[in-house]
Amino acid sequence: MRTLNLGILAHVDAGKTSLTERLLFDTGIIDKPGSVDAGNTQTDSLELERQRGITIAAAVVSFAIGDVTVNLIDTPGHPDFIAEIERILQLLDAAVVVVSAVEGVQPQTRVLVRALRRLGIPFLFFINKIDRLGARYDDVLKDLATQLAVRPVTMSDVGNGGGRLAVVEAADIGSDPHFSHLCEALTVNDDAMLADYVLHPERLTRQRLERALVDQVAKSLIHPAFAGAATRGLGTPTLISAIETLLPSRRPNPDGPVSGTIFKIERGWGGEKLAYLYLASGTINLRDDIETSRGPAKVSSLQLFRSGRADKVTQISAGQIAKVGGLANARIGDWIGTETSLGSLRHFAPPTLETRVRPMRPSETAALWLALGQLAEQDPLINLRSNEETGEIYVSLYGEVQKEVIQATLSNEFGLDIAFEESTVIYVERPVGTGSAVEHIFREPNPFLATVGLRVEPRPEGTGNSFALEVDVGQMPASFYRAVEEATFETLKEGFFGWQVIDCHVAMTTARQSSPATTAVDFRKLTPLVLASALSSARTILCEPIEHFHIEIPATALTGAHSLLAKSGASVKKSLIDGGLARLEGIVASSMIQAIQRQLPGLSGGAGVLDHAFDHYAPLSGPHRVRERSATNPFDRADYLRRVR
């Protein structure tokens, strides 16, 4: 049987969860579609999701369409939860992008489509709310092409749009005007079809068009656009048929080597850790001993997603998604069995904001740290850290809505009342040149029974940190080398100015021990001193996060927008006026985004829309921002030695 990992993606309030409910109803999984407003939807299971009417965490539900098992993943629509979305995207075979027929293309729509195209994931559009006042199906189709740089093909006929009498029918691709439109779209990427369209149109049968459409959809060259109203079931039967026939599925091998990816972590009723696992190959049985990226583990429970439920089972096989118990050390992005390309779920934009969080009752500081630790398991980009001396706790964030969700979650699930301080921008440090340092055993001023030599050098932008051994690995126990590597990555979290060091390669060039007196602790404590010296020799520069922005405003407000962006230090790359609407695109420092967001509504009469996403880090001009350290400071040798002793 074929399987299809399908994502439902949209800007918040476009009707994504409502469409999910209708798909489950139309395929016989539920007896009655739930309502976001009523808080009784199948996939928004968290109490906070029901209260706020938004999707916060990805949810999974599985059902069958013909001979295809669909693993449908409902994802958050708010940009503050982009990390959750990015993790899911890399598991998908295909996606449905939901767009409101009233609001049209919105900021998060652009972000999602760019991500889908970057990853090469096939997708189609569902233009929802066709029965709402102000619905404009044809205009939205044009906007998809002009604003998203995609090639949409209309697959629906809409009558009486914009009211309760709206009707939606499947387009007949065998007759005009749909035949001609589809041929013109397909021939852009098919020279043979182009020749036949011009010289031998009789060769272009319905079957040939359908085969070409399936082929180009799979290659993400063309994007069918369907219309409907999810809450009323208009257009959804046609969409369901398209999911089965147009989108690419796979035939996984249950007899192959075990290979899978963990993409979500949650806690069960008793507090036990449950890992959401997509099994790409092989079969796993209850009580099996399996290999993971963090070592061996025994499967203690299995809950398989099927027919709209998560059922307890004794076996799961390739192509299925399940909750797996017993993986105590599991983290999001870990692989199971044989490492695969799906195992790398860490390539998403970093959070650019940080805020201090404190309990309203100081006696609950320890409880707050433990609770945030559990939340960090579910979202590894929270980047939880604390100051060893003051006990202050900091978390990294994507936006203010995420802050509100964390606050409500801590209150509802852990009974903790907390307060946040104002968010600040997260800077980073990047090495400028190459530097090296070495401390020898039995030689002043080294007080540890170990020799460590390190060389640091910059890596290409965006490639992250790396570590390598340039010594004979047979001269010492492996645990000593692991201690050096672990201490290296831990030290890189706080560079000379207190910010994380990025895009840095560290090589161990010298190593020596005194057996049997030397222990791994000697290497673990000496490494930060040597690395700090090497980084000081190489020098690091402070860099700030830069955002890529899109602004849509009435053309009458264009002059004011240019003035605002100039004052904010923004660089405008593109400026376009179309039909009374101006679109601006460029880059600006993350620290200026909130100021632009506050002033844009007044500047544009409330009609301005800002869409932004992290783009890159750039050297910071002006005074250095020094961050208070959360751990011992190896750049201050005397203070470091005093503390570690």
# chains A, B, ... in the order shown; residues from 1 in each chain; ligands from 1
$ residues_around --residues "stretch 290-298 of chain A" --least-positions-apart "3" --cutoff "6 Å" --atoms "only C-alpha atoms" --output "list in words"
Arg287, Gly326, Leu327, Asp334, Trp335, Ile336 and Gly337 of chain A
$ write_last_selection --atoms "C-alpha atoms" --output "mmCIF file, in the first residue's frame"
data_model
loop_
_atom_site.group_PDB
_atom_site.id
_atom_site.type_symbol
_atom_site.label_atom_id
_atom_site.label_comp_id
_atom_site.auth_asym_id
_atom_site.auth_seq_id
_atom_site.Cartn_x
_atom_site.Cartn_y
_atom_site.Cartn_z
ATOM 1 C CA ARG A 287 10.310 -4.552 23.529
ATOM 2 C CA GLY A 326 11.173 4.069 26.244
ATOM 3 C CA LEU A 327 13.445 6.502 24.397
ATOM 4 C CA ASP A 334 17.304 12.203 16.346
ATOM 5 C CA TRP A 335 17.444 9.235 13.981
ATOM 6 C CA ILE A 336 16.441 5.666 14.746
ATOM 7 C CA GLY A 337 18.225 2.637 13.307
#
$ select_by_dssp --residues "stretch 518-613 of chain A" --states "strand (DSSP E or B)" --output "number ranges by chain"
A: 540-554, 571-578, 581-589, 609-613
$ closest_residue --among "A:Gly174, A:Pro248, A:Pro445, A:Gly586" --to "A:Leu610" --atoms "only C-alpha atoms"
A:Gly586
$ closest_residue --among "A:Val98, A:Arg637, A:Val113, A:Gln207" --to "A:Val140" --atoms "only C-alpha atoms"
A:Val98
$ residues_around --residues "stretch 522-536 of chain A" --least-positions-apart "2" --cutoff "6 Å" --atoms "only C-alpha atoms" --output "PyMOL selection string"
chain A and resi 435-437+448-450+483-484+487+491+519-520+538-539+634-635
$ closest_atom_pairs --of "stretch 317-411 of chain A" --to "stretch 544-562 of chain A" --cutoff "12 Å" --atoms "only C-alpha atoms" --output "Markdown table"
| residue | atom | partner | partner_atom | distance |
| --- | --- | --- | --- | --- |
| A:Ala349 | CA | A:Pro545 | CA | 10.4 |
| A:Pro350 | CA | A:Pro545 | CA | 9.4 |
| A:Pro351 | CA | A:Pro545 | CA | 9.5 |
| A:Thr352 | CA | A:Pro545 | CA | 6.7 |
| A:Leu353 | CA | A:Pro545 | CA | 9.7 |
$ write_last_selection --atoms "C-alpha atoms" --output "CSV table (one decimal), in the first residue's frame"
chain,number,residue,atom,x,y,z
A,349,ALA,CA,16.3,30.0,11.2
A,350,PRO,CA,17.5,30.6,14.8
A,351,PRO,CA,15.4,32.6,17.2
A,352,THR,CA,16.6,36.2,17.3
A,353,LEU,CA,15.0,37.3,20.6
$ decode --residues "stretch 120-272 of chain A" --atoms "C-alpha atoms" --output "short mmCIF file (atom, residue, chain, number, x, y, z; two decimals), in the first residue's frame"
data_model
loop_
_atom_site.label_atom_id
_atom_site.label_comp_id
_atom_site.auth_asym_id
_atom_site.auth_seq_id
_atom_site.Cartn_x
_atom_site.Cartn_y
_atom_site.Cartn_z
CA GLY A 120 11.53 20.87 -3.43
CA ILE A 121 8.28 19.66 -1.83
CA PRO A 122 5.32 19.34 -4.25
CA PHE A 123 2.21 21.26 -3.21
CA LEU A 124 -1.18 22.39 -4.38
CA PHE A 125 -3.42 25.26 -3.30
CA PHE A 126 -6.85 25.18 -1.69
CA ILE A 127 -8.49 28.61 -1.90
CA ASN A 128 -10.82 28.51 1.08
CA LYS A 129 -13.82 30.57 2.26
CA ILE A 130 -15.19 30.99 -1.26
CA ASP A 131 -18.64 31.55 0.30
CA ARG A 132 -17.57 34.55 2.40
CA LEU A 133 -18.41 38.16 1.57
CA GLY A 134 -15.50 39.62 -0.38
CA ALA A 135 -14.29 36.29 -1.77
CA ARG A 136 -12.32 36.77 -5.02
CA TYR A 137 -11.18 33.49 -6.52
CA ASP A 138 -9.86 34.80 -9.84
CA ASP A 139 -7.94 37.68 -8.22
CA VAL A 140 -6.34 35.35 -5.69
CA LEU A 141 -5.22 33.06 -8.52
CA LYS A 142 -3.47 36.02 -10.14
CA ASP A 143 -1.90 37.00 -6.81
CA LEU A 144 -0.51 33.49 -6.36
CA ALA A 145 1.35 33.80 -9.64
CA THR A 146 2.60 37.37 -9.20
CA GLN A 147 3.40 37.42 -5.48
CA LEU A 148 4.67 33.88 -4.94
CA ALA A 149 6.43 33.26 -8.27
CA VAL A 150 4.60 29.94 -8.75
CA ARG A 151 2.58 28.56 -11.67
CA PRO A 152 -0.95 27.92 -10.36
CA VAL A 153 -3.46 26.12 -12.57
CA THR A 154 -7.16 26.54 -11.84
CA MET A 155 -8.86 23.22 -11.14
CA SER A 156 -12.27 24.52 -10.01
CA ASP A 157 -15.20 26.45 -11.42
CA VAL A 158 -16.85 28.83 -8.93
CA GLY A 159 -20.35 30.19 -9.22
CA ASN A 160 -22.01 32.85 -7.03
CA GLY A 161 -18.78 33.36 -5.09
CA GLY A 162 -18.92 35.62 -2.06
CA GLY A 163 -22.21 34.35 -0.62
CA ARG A 164 -24.07 31.38 0.84
CA LEU A 165 -25.25 30.41 -2.65
CA ALA A 166 -21.67 29.76 -3.81
CA VAL A 167 -21.15 26.55 -5.77
CA VAL A 168 -17.88 24.82 -6.66
CA GLU A 169 -17.44 22.24 -9.41
CA ALA A 170 -14.38 20.40 -10.67
CA ALA A 171 -12.93 21.95 -13.81
CA ASP A 172 -13.24 19.91 -17.01
CA ILE A 173 -9.67 19.82 -18.29
CA GLY A 174 -10.81 18.13 -21.48
CA SER A 175 -12.61 21.19 -22.79
CA ASP A 176 -11.92 24.91 -23.10
CA PRO A 177 -11.09 27.21 -21.48
CA HIS A 178 -9.45 24.82 -19.00
CA PHE A 179 -7.94 22.65 -21.73
CA SER A 180 -6.07 25.57 -23.29
CA HIS A 181 -4.97 27.01 -19.95
CA LEU A 182 -3.61 23.66 -18.78
CA CYS A 183 -1.81 23.03 -22.07
CA GLU A 184 -0.18 26.46 -21.94
CA ALA A 185 1.00 25.84 -18.37
CA LEU A 186 2.33 22.35 -19.06
CA THR A 187 4.15 23.23 -22.30
CA VAL A 188 6.41 25.70 -20.46
CA ASN A 189 8.43 22.74 -19.17
CA ASP A 190 7.70 20.16 -21.91
CA ASP A 191 9.06 20.86 -25.41
CA ALA A 192 7.44 17.77 -26.93
CA MET A 193 4.05 18.81 -25.65
CA LEU A 194 4.65 22.34 -26.92
CA ALA A 195 5.36 21.04 -30.42
CA ASP A 196 2.21 18.91 -30.40
CA TYR A 197 0.14 21.78 -29.00
CA VAL A 198 1.17 23.94 -31.97
CA LEU A 199 1.34 21.34 -34.76
CA HIS A 200 -0.69 18.30 -33.65
CA PRO A 201 -3.25 19.34 -31.01
CA GLU A 202 -5.17 16.09 -31.59
CA ARG A 203 -2.38 14.21 -29.79
CA LEU A 204 -3.08 16.05 -26.53
CA THR A 205 -5.65 13.69 -25.05
CA ARG A 206 -7.10 13.98 -21.57
CA GLN A 207 -4.99 11.00 -20.45
CA ARG A 208 -1.79 12.62 -21.69
CA LEU A 209 -2.60 15.89 -19.95
CA GLU A 210 -3.32 14.04 -16.71
CA ARG A 211 -0.01 12.14 -16.88
CA ALA A 212 1.90 15.34 -17.61
CA LEU A 213 0.13 17.12 -14.78
CA VAL A 214 1.04 14.38 -12.29
CA ASP A 215 4.65 14.43 -13.47
CA GLN A 216 5.06 18.21 -13.21
CA VAL A 217 3.30 18.39 -9.85
CA ALA A 218 5.76 15.80 -8.48
CA LYS A 219 8.65 17.95 -9.76
CA SER A 220 7.05 21.06 -8.19
CA LEU A 221 6.92 22.75 -11.59
CA ILE A 222 3.19 23.40 -11.49
CA HIS A 223 0.70 23.91 -8.66
CA PRO A 224 -2.99 23.03 -9.11
CA ALA A 225 -5.37 25.44 -7.35
CA PHE A 226 -8.70 24.19 -6.00
CA ALA A 227 -11.51 26.31 -4.57
CA GLY A 228 -13.95 25.57 -1.78
CA ALA A 229 -15.39 26.31 1.64
CA ALA A 230 -14.03 23.84 4.18
CA THR A 231 -16.67 24.43 6.85
CA ARG A 232 -19.46 23.52 4.39
CA GLY A 233 -17.60 20.84 2.43
CA LEU A 234 -17.64 22.80 -0.83
CA GLY A 235 -14.86 21.61 -3.13
CA THR A 236 -13.39 19.11 -0.68
CA PRO A 237 -14.39 15.94 -2.62
CA THR A 238 -12.40 17.23 -5.59
CA LEU A 239 -9.47 18.04 -3.32
CA ILE A 240 -9.54 14.55 -1.80
CA SER A 241 -9.44 13.02 -5.29
CA ALA A 242 -6.47 15.25 -6.16
CA ILE A 243 -4.61 14.17 -3.02
CA GLU A 244 -4.94 10.56 -4.14
CA THR A 245 -4.18 11.00 -7.83
CA LEU A 246 -1.97 14.09 -8.23
CA LEU A 247 0.37 14.11 -5.24
CA PRO A 248 3.40 11.78 -5.16
CA SER A 249 3.30 8.93 -2.64
CA ARG A 250 5.83 6.22 -1.77
CA ARG A 251 5.94 2.48 -1.22
CA PRO A 252 8.12 2.03 1.90
CA ASN A 253 9.91 -1.25 2.55
CA PRO A 254 8.86 -2.94 5.84
CA ASP A 255 11.57 -5.60 5.33
CA GLY A 256 14.40 -3.10 4.96
CA PRO A 257 16.77 -1.87 7.69
CA VAL A 258 15.12 0.09 10.48
CA SER A 259 15.37 3.81 9.70
CA GLY A 260 13.29 6.66 11.07
CA THR A 261 13.22 10.19 12.47
CA ILE A 262 11.90 11.72 15.68
CA PHE A 263 10.13 14.99 14.90
CA LYS A 264 8.19 15.75 18.08
CA ILE A 265 8.43 15.07 21.83
CA GLU A 266 5.59 15.13 24.34
CA ARG A 267 4.91 13.88 27.86
CA GLY A 268 2.31 11.21 28.68
CA TRP A 269 -0.17 11.26 31.55
CA GLY A 270 2.41 9.85 33.94
CA GLY A 271 5.14 12.22 32.80
CA GLU A 272 6.88 9.63 30.60
#
